[in-house]
>>> print(open('start27.pdb').read())   # PDB, C-alpha atoms, pLDDT in the B column
ATOM      1  CA  ASP G   1      68.968  76.829 103.585  1.00 81.00           C
ATOM      2  CA  ALA G   2      70.720  79.231 101.254  1.00 81.00           C
ATOM      3  CA  GLU G   3      69.345  82.735 101.233  1.00 92.00           C
ATOM      4  CA  ILE G   4      69.923  86.356 100.317  1.00 95.00           C
ATOM      5  CA  THR G   5      69.525  89.029 102.964  1.00 97.00           C
ATOM      6  CA  GLN G   6      69.532  92.808 102.961  1.00 98.00           C
ATOM      7  CA  SER G   7      70.088  95.267 105.768  1.00 97.00           C
ATOM      8  CA  PRO G   8      68.747  97.532 106.964  1.00 97.00           C
ATOM      9  CA  ARG G   9      65.177  96.852 105.844  1.00 97.00           C
ATOM     10  CA  HIS G  10      64.198 100.460 106.374  1.00 97.00           C
ATOM     11  CA  LYS G  11      66.409 103.539 106.483  1.00 98.00           C
ATOM     12  CA  ILE G  12      65.753 107.249 106.760  1.00 98.00           C
ATOM     13  CA  THR G  13      68.650 109.552 106.040  1.00 97.00           C
ATOM     14  CA  GLU G  14      69.296 113.190 105.283  1.00 97.00           C
ATOM     15  CA  THR G  15      70.319 114.721 101.999  1.00 98.00           C
ATOM     16  CA  GLY G  16      74.078 114.724 101.533  1.00 97.00           C
ATOM     17  CA  ARG G  17      74.866 111.847 103.874  1.00 97.00           C
ATOM     18  CA  GLN G  18      76.686 108.723 102.755  1.00 98.00           C
ATOM     19  CA  VAL G  19      74.606 105.570 103.062  1.00 98.00           C
ATOM     20  CA  THR G  20      75.563 101.931 102.592  1.00 98.00           C
ATOM     21  CA  LEU G  21      73.048  99.182 102.003  1.00 98.00           C
ATOM     22  CA  ALA G  22      74.220  95.649 102.681  1.00 98.00           C
ATOM     23  CA  CYS G  23      73.506  92.541 100.629  1.00 98.00           C
ATOM     24  CA  HIS G  24      74.646  89.062 101.651  1.00 98.00           C
ATOM     25  CA  GLN G  25      73.963  85.788  99.866  1.00 97.00           C
ATOM     26  CA  THR G  26      74.798  82.240 100.842  1.00 95.00           C
ATOM     27  CA  TRP G  27      74.044  80.666  97.453  1.00 92.00           C
ATOM     28  CA  ASN G  28      77.700  80.976  96.448  1.00 93.00           C
ATOM     29  CA  HIS G  29      76.556  82.745  93.288  1.00 94.00           C
ATOM     30  CA  ASN G  30      79.076  84.629  91.206  1.00 93.00           C
ATOM     31  CA  ASN G  31      76.522  87.098  89.828  1.00 94.00           C
ATOM     32  CA  MET G  32      75.044  89.799  92.039  1.00 96.00           C
ATOM     33  CA  PHE G  33      72.833  92.745  91.122  1.00 97.00           C
ATOM     34  CA  TRP G  34      71.353  95.879  92.641  1.00 98.00           C
ATOM     35  CA  TYR G  35      68.023  97.305  91.432  1.00 98.00           C
ATOM     36  CA  ARG G  36      65.837 100.170  92.476  1.00 97.00           C
ATOM     37  CA  GLN G  37      62.057 100.009  92.229  1.00 97.00           C
ATOM     38  CA  ASP G  38      60.027 103.139  91.675  1.00 94.00           C
ATOM     39  CA  LEU G  39      56.363 103.532  90.828  1.00 86.00           C
ATOM     40  CA  GLY G  40      55.906 103.639  87.083  1.00 82.00           C
ATOM     41  CA  HIS G  41      59.429 102.414  86.355  1.00 86.00           C
ATOM     42  CA  GLY G  42      59.494  98.795  87.401  1.00 89.00           C
ATOM     43  CA  LEU G  43      62.940  97.575  88.449  1.00 95.00           C
ATOM     44  CA  ARG G  44      65.979  99.310  87.063  1.00 95.00           C
ATOM     45  CA  LEU G  45      69.526  97.982  87.260  1.00 95.00           C
ATOM     46  CA  ILE G  46      71.981 100.104  89.248  1.00 97.00           C
ATOM     47  CA  HIS G  47      75.176  98.024  89.403  1.00 97.00           C
ATOM     48  CA  TYR G  48      76.137  94.419  88.961  1.00 96.00           C
ATOM     49  CA  SER G  49      79.059  92.098  89.565  1.00 96.00           C
ATOM     50  CA  TYR G  50      80.107  88.837  87.933  1.00 94.00           C
ATOM     51  CA  GLY G  51      82.628  87.893  90.584  1.00 94.00           C
ATOM     52  CA  VAL G  52      85.138  89.071  93.169  1.00 96.00           C
ATOM     53  CA  GLN G  53      86.744  92.389  92.229  1.00 96.00           C
ATOM     54  CA  ASP G  54      84.380  92.763  89.261  1.00 96.00           C
ATOM     55  CA  THR G  55      81.849  95.620  89.212  1.00 97.00           C
ATOM     56  CA  ASN G  56      79.857  97.167  86.371  1.00 96.00           C
ATOM     57  CA  LYS G  57      77.484 100.071  85.911  1.00 96.00           C
ATOM     58  CA  GLY G  58      73.848  99.506  85.093  1.00 94.00           C
ATOM     59  CA  GLU G  59      71.337 101.887  83.553  1.00 92.00           C
ATOM     60  CA  VAL G  60      70.908 104.150  86.608  1.00 96.00           C
ATOM     61  CA  SER G  61      74.344 104.114  88.261  1.00 97.00           C
ATOM     62  CA  ASP G  62      74.928 107.840  88.832  1.00 97.00           C
ATOM     63  CA  GLY G  63      75.369 108.583  92.533  1.00 97.00           C
ATOM     64  CA  TYR G  64      75.902 104.920  93.466  1.00 98.00           C
ATOM     65  CA  SER G  65      78.925 102.668  93.865  1.00 98.00           C
ATOM     66  CA  VAL G  66      79.546  99.024  94.750  1.00 98.00           C
ATOM     67  CA  SER G  67      82.523  96.903  95.701  1.00 97.00           C
ATOM     68  CA  ARG G  68      82.961  93.130  95.652  1.00 97.00           C
ATOM     69  CA  SER G  69      85.668  91.860  97.982  1.00 97.00           C
ATOM     70  CA  ASN G  70      84.199  88.375  98.448  1.00 97.00           C
ATOM     71  CA  THR G  71      81.619  86.139  96.820  1.00 97.00           C
ATOM     72  CA  GLU G  72      78.917  86.635  99.447  1.00 97.00           C
ATOM     73  CA  ASP G  73      78.600  90.428  99.693  1.00 98.00           C
ATOM     74  CA  LEU G  74      77.841  93.338  97.391  1.00 98.00           C
ATOM     75  CA  PRO G  75      77.301  96.522  99.422  1.00 98.00           C
ATOM     76  CA  LEU G  76      75.692  99.483  97.661  1.00 98.00           C
ATOM     77  CA  THR G  77      76.883 102.951  98.633  1.00 98.00           C
ATOM     78  CA  LEU G  78      75.121 106.222  98.007  1.00 98.00           C
ATOM     79  CA  GLU G  79      77.981 108.697  98.105  1.00 95.00           C
ATOM     80  CA  SER G  80      75.845 111.759  98.872  1.00 97.00           C
ATOM     81  CA  ALA G  81      72.199 110.864  99.244  1.00 97.00           C
ATOM     82  CA  ALA G  82      69.654 112.866  97.256  1.00 97.00           C
ATOM     83  CA  SER G  83      65.873 112.976  97.535  1.00 97.00           C
ATOM     84  CA  SER G  84      65.684 111.418  94.064  1.00 97.00           C
ATOM     85  CA  GLN G  85      67.259 108.306  95.556  1.00 98.00           C
ATOM     86  CA  THR G  86      64.276 107.666  97.792  1.00 98.00           C
ATOM     87  CA  SER G  87      63.248 104.230  96.590  1.00 98.00           C
ATOM     88  CA  VAL G  88      63.023 100.548  97.371  1.00 98.00           C
ATOM     89  CA  TYR G  89      66.303  98.769  96.681  1.00 98.00           C
ATOM     90  CA  PHE G  90      66.555  95.101  95.815  1.00 98.00           C
ATOM     91  CA  CYS G  91      69.634  92.956  95.710  1.00 98.00           C
ATOM     92  CA  ALA G  92      69.662  89.754  93.657  1.00 96.00           C
ATOM     93  CA  SER G  93      72.028  86.930  92.840  1.00 95.00           C
ATOM     94  CA  SER G  94      72.185  84.221  90.223  1.00 92.00           C
ATOM     95  CA  GLU G  95      74.363  81.504  88.799  1.00 87.00           C
ATOM     96  CA  SER G  96      76.691  82.425  85.984  1.00 80.00           C
ATOM     97  CA  ASN G  97      74.328  81.440  83.230  1.00 72.00           C
ATOM     98  CA  ARG G  98      71.409  83.428  81.890  1.00 63.00           C
ATOM     99  CA  ALA G  99      69.291  80.320  81.865  1.00 70.00           C
ATOM    100  CA  HIS G 100      69.023  80.730  85.591  1.00 78.00           C
ATOM    101  CA  GLU G 101      66.631  82.943  87.470  1.00 87.00           C
ATOM    102  CA  GLN G 102      67.753  85.640  89.840  1.00 92.00           C
ATOM    103  CA  TYR G 103      67.013  85.245  93.535  1.00 93.00           C
ATOM    104  CA  PHE G 104      65.965  88.461  95.226  1.00 96.00           C
ATOM    105  CA  GLY G 105      66.484  89.775  98.709  1.00 96.00           C
ATOM    106  CA  PRO G 106      63.578  91.218 100.714  1.00 96.00           C
ATOM    107  CA  GLY G 107      64.367  94.812  99.774  1.00 97.00           C
ATOM    108  CA  THR G 108      65.421  97.960 101.616  1.00 98.00           C
ATOM    109  CA  ARG G 109      63.125 100.954 101.752  1.00 97.00           C
ATOM    110  CA  LEU G 110      65.267 104.080 101.769  1.00 98.00           C
ATOM    111  CA  THR G 111      63.888 107.550 102.426  1.00 98.00           C
ATOM    112  CA  VAL G 112      66.084 110.599 101.878  1.00 97.00           C
ATOM    113  CA  THR G 113      64.740 113.735 103.569  1.00 96.00           C
TER     114      THR G 113
ATOM    115  CA  ALA W   1      68.702  97.164  73.022  1.00 80.00           C
ATOM    116  CA  GLN W   2      66.521  94.984  75.155  1.00 88.00           C
ATOM    117  CA  LYS W   3      63.091  96.246  76.070  1.00 94.00           C
ATOM    118  CA  VAL W   4      60.071  94.770  77.792  1.00 96.00           C
ATOM    119  CA  THR W   5      56.638  96.350  77.556  1.00 96.00           C
ATOM    120  CA  GLN W   6      53.758  95.606  79.868  1.00 96.00           C
ATOM    121  CA  ALA W   7      51.113  97.980  78.651  1.00 90.00           C
ATOM    122  CA  GLN W   8      48.399  97.429  81.246  1.00 84.00           C
ATOM    123  CA  THR W   9      49.357  99.138  84.472  1.00 84.00           C
ATOM    124  CA  GLU W  10      46.463  98.112  86.713  1.00 93.00           C
ATOM    125  CA  ILE W  11      43.908  95.399  86.114  1.00 95.00           C
ATOM    126  CA  SER W  12      40.928  94.760  88.362  1.00 96.00           C
ATOM    127  CA  VAL W  13      38.942  91.541  88.175  1.00 96.00           C
ATOM    128  CA  VAL W  14      36.244  89.935  90.240  1.00 97.00           C
ATOM    129  CA  GLU W  15      37.222  86.735  91.961  1.00 97.00           C
ATOM    130  CA  LYS W  16      36.958  83.631  89.750  1.00 97.00           C
ATOM    131  CA  GLU W  17      37.378  85.633  86.561  1.00 97.00           C
ATOM    132  CA  ASP W  18      40.349  84.947  84.311  1.00 97.00           C
ATOM    133  CA  VAL W  19      42.984  87.614  83.771  1.00 96.00           C
ATOM    134  CA  THR W  20      45.644  87.798  81.068  1.00 96.00           C
ATOM    135  CA  LEU W  21      48.769  89.919  81.372  1.00 97.00           C
ATOM    136  CA  ASP W  22      50.482  90.939  78.164  1.00 96.00           C
ATOM    137  CA  CYS W  23      54.258  91.069  77.782  1.00 97.00           C
ATOM    138  CA  VAL W  24      55.954  92.197  74.573  1.00 97.00           C
ATOM    139  CA  TYR W  25      59.714  92.181  74.285  1.00 97.00           C
ATOM    140  CA  GLU W  26      62.421  93.447  71.948  1.00 96.00           C
ATOM    141  CA  THR W  27      65.832  91.874  71.543  1.00 94.00           C
ATOM    142  CA  ARG W  28      68.425  91.265  68.858  1.00 92.00           C
ATOM    143  CA  ASP W  29      69.708  88.132  70.570  1.00 89.00           C
ATOM    144  CA  THR W  30      68.877  84.834  68.920  1.00 87.00           C
ATOM    145  CA  THR W  31      69.007  83.008  72.243  1.00 87.00           C
ATOM    146  CA  TYR W  32      67.342  84.556  75.234  1.00 90.00           C
ATOM    147  CA  TYR W  33      65.261  83.775  78.269  1.00 92.00           C
ATOM    148  CA  LEU W  34      62.024  85.263  79.513  1.00 94.00           C
ATOM    149  CA  PHE W  35      60.814  85.310  83.092  1.00 94.00           C
ATOM    150  CA  TRP W  36      57.765  86.211  85.125  1.00 96.00           C
ATOM    151  CA  TYR W  37      58.009  87.331  88.743  1.00 96.00           C
ATOM    152  CA  LYS W  38      55.270  88.012  91.259  1.00 97.00           C
ATOM    153  CA  GLN W  39      55.465  90.744  93.898  1.00 97.00           C
ATOM    154  CA  PRO W  40      52.730  90.316  96.509  1.00 96.00           C
ATOM    155  CA  PRO W  41      51.774  93.160  98.865  1.00 94.00           C
ATOM    156  CA  SER W  42      54.459  91.969 101.300  1.00 93.00           C
ATOM    157  CA  GLY W  43      57.022  93.209  98.780  1.00 93.00           C
ATOM    158  CA  GLU W  44      59.264  90.252  98.002  1.00 94.00           C
ATOM    159  CA  LEU W  45      59.885  89.142  94.430  1.00 95.00           C
ATOM    160  CA  VAL W  46      58.905  85.565  93.695  1.00 94.00           C
ATOM    161  CA  PHE W  47      60.103  83.733  90.611  1.00 93.00           C
ATOM    162  CA  LEU W  48      57.253  82.102  88.667  1.00 94.00           C
ATOM    163  CA  ILE W  49      58.590  80.804  85.362  1.00 92.00           C
ATOM    164  CA  ARG W  50      61.496  80.804  82.924  1.00 91.00           C
ATOM    165  CA  ARG W  51      61.158  80.180  79.186  1.00 91.00           C
ATOM    166  CA  ASN W  52      63.951  79.919  76.635  1.00 89.00           C
ATOM    167  CA  SER W  53      63.621  81.246  73.108  1.00 88.00           C
ATOM    168  CA  PHE W  54      63.774  77.786  71.546  1.00 87.00           C
ATOM    169  CA  ASP W  55      60.831  76.387  73.442  1.00 83.00           C
ATOM    170  CA  GLU W  56      57.497  77.735  72.251  1.00 80.00           C
ATOM    171  CA  GLN W  57      55.376  75.204  74.046  1.00 81.00           C
ATOM    172  CA  ASN W  58      52.780  76.707  76.296  1.00 83.00           C
ATOM    173  CA  GLU W  59      53.103  75.889  79.957  1.00 84.00           C
ATOM    174  CA  ILE W  60      50.524  75.369  82.649  1.00 85.00           C
ATOM    175  CA  SER W  61      51.130  75.294  86.382  1.00 86.00           C
ATOM    176  CA  GLY W  62      47.926  74.959  88.337  1.00 91.00           C
ATOM    177  CA  ARG W  63      45.846  78.058  87.627  1.00 93.00           C
ATOM    178  CA  TYR W  64      48.753  79.791  85.892  1.00 94.00           C
ATOM    179  CA  SER W  65      49.519  79.411  82.198  1.00 93.00           C
ATOM    180  CA  TRP W  66      51.936  81.055  79.821  1.00 93.00           C
ATOM    181  CA  ASN W  67      51.705  81.585  76.081  1.00 93.00           C
ATOM    182  CA  PHE W  68      55.028  82.254  74.331  1.00 93.00           C
ATOM    183  CA  GLN W  69      54.815  83.380  70.697  1.00 92.00           C
ATOM    184  CA  LYS W  70      58.141  84.167  69.117  1.00 91.00           C
ATOM    185  CA  SER W  71      56.500  85.470  65.942  1.00 92.00           C
ATOM    186  CA  THR W  72      54.870  88.306  67.852  1.00 94.00           C
ATOM    187  CA  SER W  73      57.604  88.644  70.523  1.00 95.00           C
ATOM    188  CA  SER W  74      55.096  88.036  73.270  1.00 95.00           C
ATOM    189  CA  PHE W  75      55.091  86.036  76.473  1.00 95.00           C
ATOM    190  CA  ASN W  76      51.645  86.403  77.988  1.00 95.00           C
ATOM    191  CA  PHE W  77      50.529  85.162  81.377  1.00 95.00           C
ATOM    192  CA  THR W  78      47.013  84.028  82.289  1.00 95.00           C
ATOM    193  CA  ILE W  79      45.582  83.437  85.725  1.00 96.00           C
ATOM    194  CA  THR W  80      42.515  81.232  85.538  1.00 96.00           C
ATOM    195  CA  ALA W  81      39.739  81.512  88.126  1.00 97.00           C
ATOM    196  CA  SER W  82      41.512  84.305  89.983  1.00 96.00           C
ATOM    197  CA  GLN W  83      41.653  84.387  93.756  1.00 97.00           C
ATOM    198  CA  VAL W  84      42.276  87.193  96.211  1.00 96.00           C
ATOM    199  CA  VAL W  85      45.743  85.750  96.875  1.00 96.00           C
ATOM    200  CA  ASP W  86      46.608  86.511  93.251  1.00 97.00           C
ATOM    201  CA  SER W  87      46.486  90.239  94.000  1.00 97.00           C
ATOM    202  CA  ALA W  88      50.038  91.385  93.319  1.00 97.00           C
ATOM    203  CA  VAL W  89      52.295  93.145  90.871  1.00 96.00           C
ATOM    204  CA  TYR W  90      53.542  90.858  88.119  1.00 97.00           C
ATOM    205  CA  PHE W  91      56.758  91.570  86.243  1.00 97.00           C
ATOM    206  CA  CYS W  92      57.900  90.196  82.932  1.00 97.00           C
ATOM    207  CA  ALA W  93      61.674  90.203  82.350  1.00 96.00           C
ATOM    208  CA  LEU W  94      64.111  89.431  79.528  1.00 94.00           C
ATOM    209  CA  SER W  95      67.672  88.209  80.036  1.00 90.00           C
ATOM    210  CA  TYR W  96      70.639  89.686  78.210  1.00 84.00           C
ATOM    211  CA  GLY W  97      74.383  89.611  78.553  1.00 80.00           C
ATOM    212  CA  ASN W  98      75.526  87.427  81.441  1.00 76.00           C
ATOM    213  CA  ASN W  99      72.111  87.077  83.059  1.00 82.00           C
ATOM    214  CA  ARG W 100      71.237  90.727  83.410  1.00 89.00           C
ATOM    215  CA  LEU W 101      67.487  91.279  83.340  1.00 92.00           C
ATOM    216  CA  ALA W 102      65.447  93.975  81.657  1.00 94.00           C
ATOM    217  CA  PHE W 103      62.130  94.318  83.462  1.00 95.00           C
ATOM    218  CA  GLY W 104      58.806  95.612  82.286  1.00 95.00           C
ATOM    219  CA  LYS W 105      57.052  98.188  84.440  1.00 95.00           C
ATOM    220  CA  GLY W 106      54.761  95.580  85.931  1.00 95.00           C
ATOM    221  CA  ASN W 107      51.040  94.823  86.008  1.00 95.00           C
ATOM    222  CA  GLN W 108      49.156  95.556  89.230  1.00 96.00           C
ATOM    223  CA  VAL W 109      46.449  92.906  89.531  1.00 97.00           C
ATOM    224  CA  VAL W 110      43.627  93.550  91.974  1.00 97.00           C
ATOM    225  CA  VAL W 111      41.241  90.679  92.605  1.00 97.00           C
ATOM    226  CA  ILE W 112      37.982  91.835  94.113  1.00 96.00           C
ATOM    227  CA  PRO W 113      36.218  89.312  96.338  1.00 95.00           C
TER     228      PRO W 113
END
>>> encode(input="start27.pdb", output="structure tokens")
Amino acid sequence: DAEITQSPRHKITETGRQVTLACHQTWNHNNMFWYRQDLGHGLRLIHYSYGVQDTNKGEVSDGYSVSRSNTEDLPLTLESAASSQTSVYFCASSESNRAHEQYFGPGTRLTVT
Amino acid sequence: AQKVTQAQTEISVVEKEDVTLDCVYETRDTTYYLFWYKQPPSGELVFLIRRNSFDEQNEISGRYSWNFQKSTSSFNFTITASQVVDSAVYFCALSYGNNRLAFGKGNQVVVIP
């Protein structure tokens, strides 16, 4: 069965370190998204991609970057982790049509100390 | 700009009571889609329903029902005869652009046995 996975599921890192969160989907979806979930804020869009070599900034992109070298993967990199980036991160994918729902990964809980 | 408002942050009900979650949205698009997702305590995001802006028929799925009213920009969700398994955070979302989603802040539903 097609799926979307994230790794690691839990990560503790120190302030200033570079961290990469992996997202892999086997739906063959062109669209992929990264969100962060914080209490009182719901889900906020960090970055998104509509296909290979395409990346775009979302509403809370500062301090984050993504790259899309193939259809299946959209890794999220925190260039220099900050305590404000402690959050739960969700990756999602969808077909290239806004009539279609997004499928979400299980999430990564990141703690920056 | 797209905006989704879920005013009630936490709602507690006794088992078997009905609960209605309000969702009000803002958009300038003439065609758009609305979604509801459920996030149980285990943390994953589960797609519940999609509604397009041209279809104002109410929908019922088991104990779940949705009331879409374009005139008031609302897409409300009712759980009838609530059960403990309904305890979760529920998110309303609005699509824009190429299937980006704007999420509300979520409703925490607590069903008391």
>>> closest_residue(input="start27.pdb", among="W:Gln69, W:Ser12, W:Thr80, W:Ser42", to="chain G", atoms="all atoms listed in the file")
W:Ser42
>>> resolve_selection(input="start27.pdb", expression="the PyMOL selection byres ((chain W) within 8 of (chain G))", output="list in words")
Tyr32, Tyr33, Phe35, Gly43, Glu44, Leu45, Val46, Phe47, Arg50, Asn52, Phe91, Ser95, Tyr96, Gly97, Asn98, Asn99, Arg100, Ala102, Phe103, Gly104, Lys105 and Gly106 of chain W
>>> closest_residue(input="start27.pdb", among="G:Tyr35, G:Asn30, G:Pro8, G:Tyr64", to="G:Ser49", atoms="only C-alpha atoms")
G:Asn30
>>> residues_near_point(input="start27.pdb", point="(55.3, 84.3, 88.6)", cutoff="6 Å", atoms="all atoms listed in the file", output="ChimeraX atom specification")
/W:36-38,47-49
>>> resolve_selection(input="start27.pdb", expression="the PyMOL selection byres ((chain W and resi 28) around 10)", output="ChimeraX atom specification")
/W:1-2,26-27,29-32,96
>>> residues_around(input="start27.pdb", residues="W:Ser61", least_positions_apart="3", cutoff="12 Å", atoms="only C-alpha atoms", output="ChimeraX atom specification")
/W:48-49,58,64-66,77-80
>>> atom_distance(input="start27.pdb", atom1="atom CA of W:Arg51", atom2="atom CA of G:Cys91")
22.5 Å
>>> residues_around(input="start27.pdb", residues="G:Pro75", least_positions_apart="5", cutoff="6 Å", atoms="all atoms listed in the file", output="MDAnalysis selection string")
chainID G and resid 21:23 66
>>> resolve_selection(input="start27.pdb", expression="the PyMOL selection byres ((chain W and resi 71) around 12)", output="NGL selection string")
:W and (24-26 or 53-54 or 56 or 67-70 or 72-75)
>>> write_last_selection(input="start27.pdb", atoms="C-alpha atoms", output="compact mmCIF listing (two decimals), in the coordinates of the input")
# COMPACT_ATOMS: atom_id res chain seq x y z
CA VAL W 24 55.95 92.20 74.57
CA TYR W 25 59.71 92.18 74.28
CA GLU W 26 62.42 93.45 71.95
CA SER W 53 63.62 81.25 73.11
CA PHE W 54 63.77 77.79 71.55
CA GLU W 56 57.50 77.74 72.25
CA ASN W 67 51.70 81.58 76.08
CA PHE W 68 55.03 82.25 74.33
CA GLN W 69 54.82 83.38 70.70
CA LYS W 70 58.14 84.17 69.12
CA THR W 72 54.87 88.31 67.85
CA SER W 73 57.60 88.64 70.52
CA SER W 74 55.10 88.04 73.27
CA PHE W 75 55.09 86.04 76.47
>>> axis_aligned_box(input="start27.pdb", around="stretch 87-100 of chain G", padding_each_side="5 Å", output="JSON")
{"center_x": 69.9, "center_y": 92.3, "center_z": 89.6, "size_x": 23.7, "size_y": 33.9, "size_z": 25.5}
>>> residues_around(input="start27.pdb", residues="G:Ala81", least_positions_apart="6", cutoff="7 Å", atoms="only C-alpha atoms", output="ChimeraX atom specification")
/G:15-19,112
>>> atom_distance(input="start27.pdb", atom1="atom CA of W:Pro41", atom2="atom CA of G:Glu72")
27.9 Å
>>> atom_distance(input="start27.pdb", atom1="atom CA of W:Asp18", atom2="atom CA of W:Arg63")
9.4 Å
>>> residues_around(input="start27.pdb", residues="G:Thr108", least_positions_apart="6", cutoff="6 Å", atoms="all atoms listed in the file", output="number ranges by chain")
G: 9-10, 88-89
>>> residues_around(input="start27.pdb", residues="G:Ser61", least_positions_apart="4", cutoff="7 Å", atoms="all atoms listed in the file", output="JSON, numbers by chain")
{"G": [46, 47, 57]}
>>> write_last_selection(input="start27.pdb", atoms="C-alpha atoms", output="PDB file, keeping the file's coordinate frame")
ATOM      1  CA  ILE G  46      71.981 100.104  89.248  1.00 97.00           C
ATOM      2  CA  HIS G  47      75.176  98.024  89.403  1.00 97.00           C
ATOM      3  CA  LYS G  57      77.484 100.071  85.911  1.00 96.00           C
TER       4      LYS G  57
END
>>> residues_near_point(input="start27.pdb", point="(74.3, 89.4, 102.1)", cutoff="8 Å", atoms="all atoms listed in the file", output="VMD selection string")
chain G and resid 4 to 6 22 to 26 72 to 74
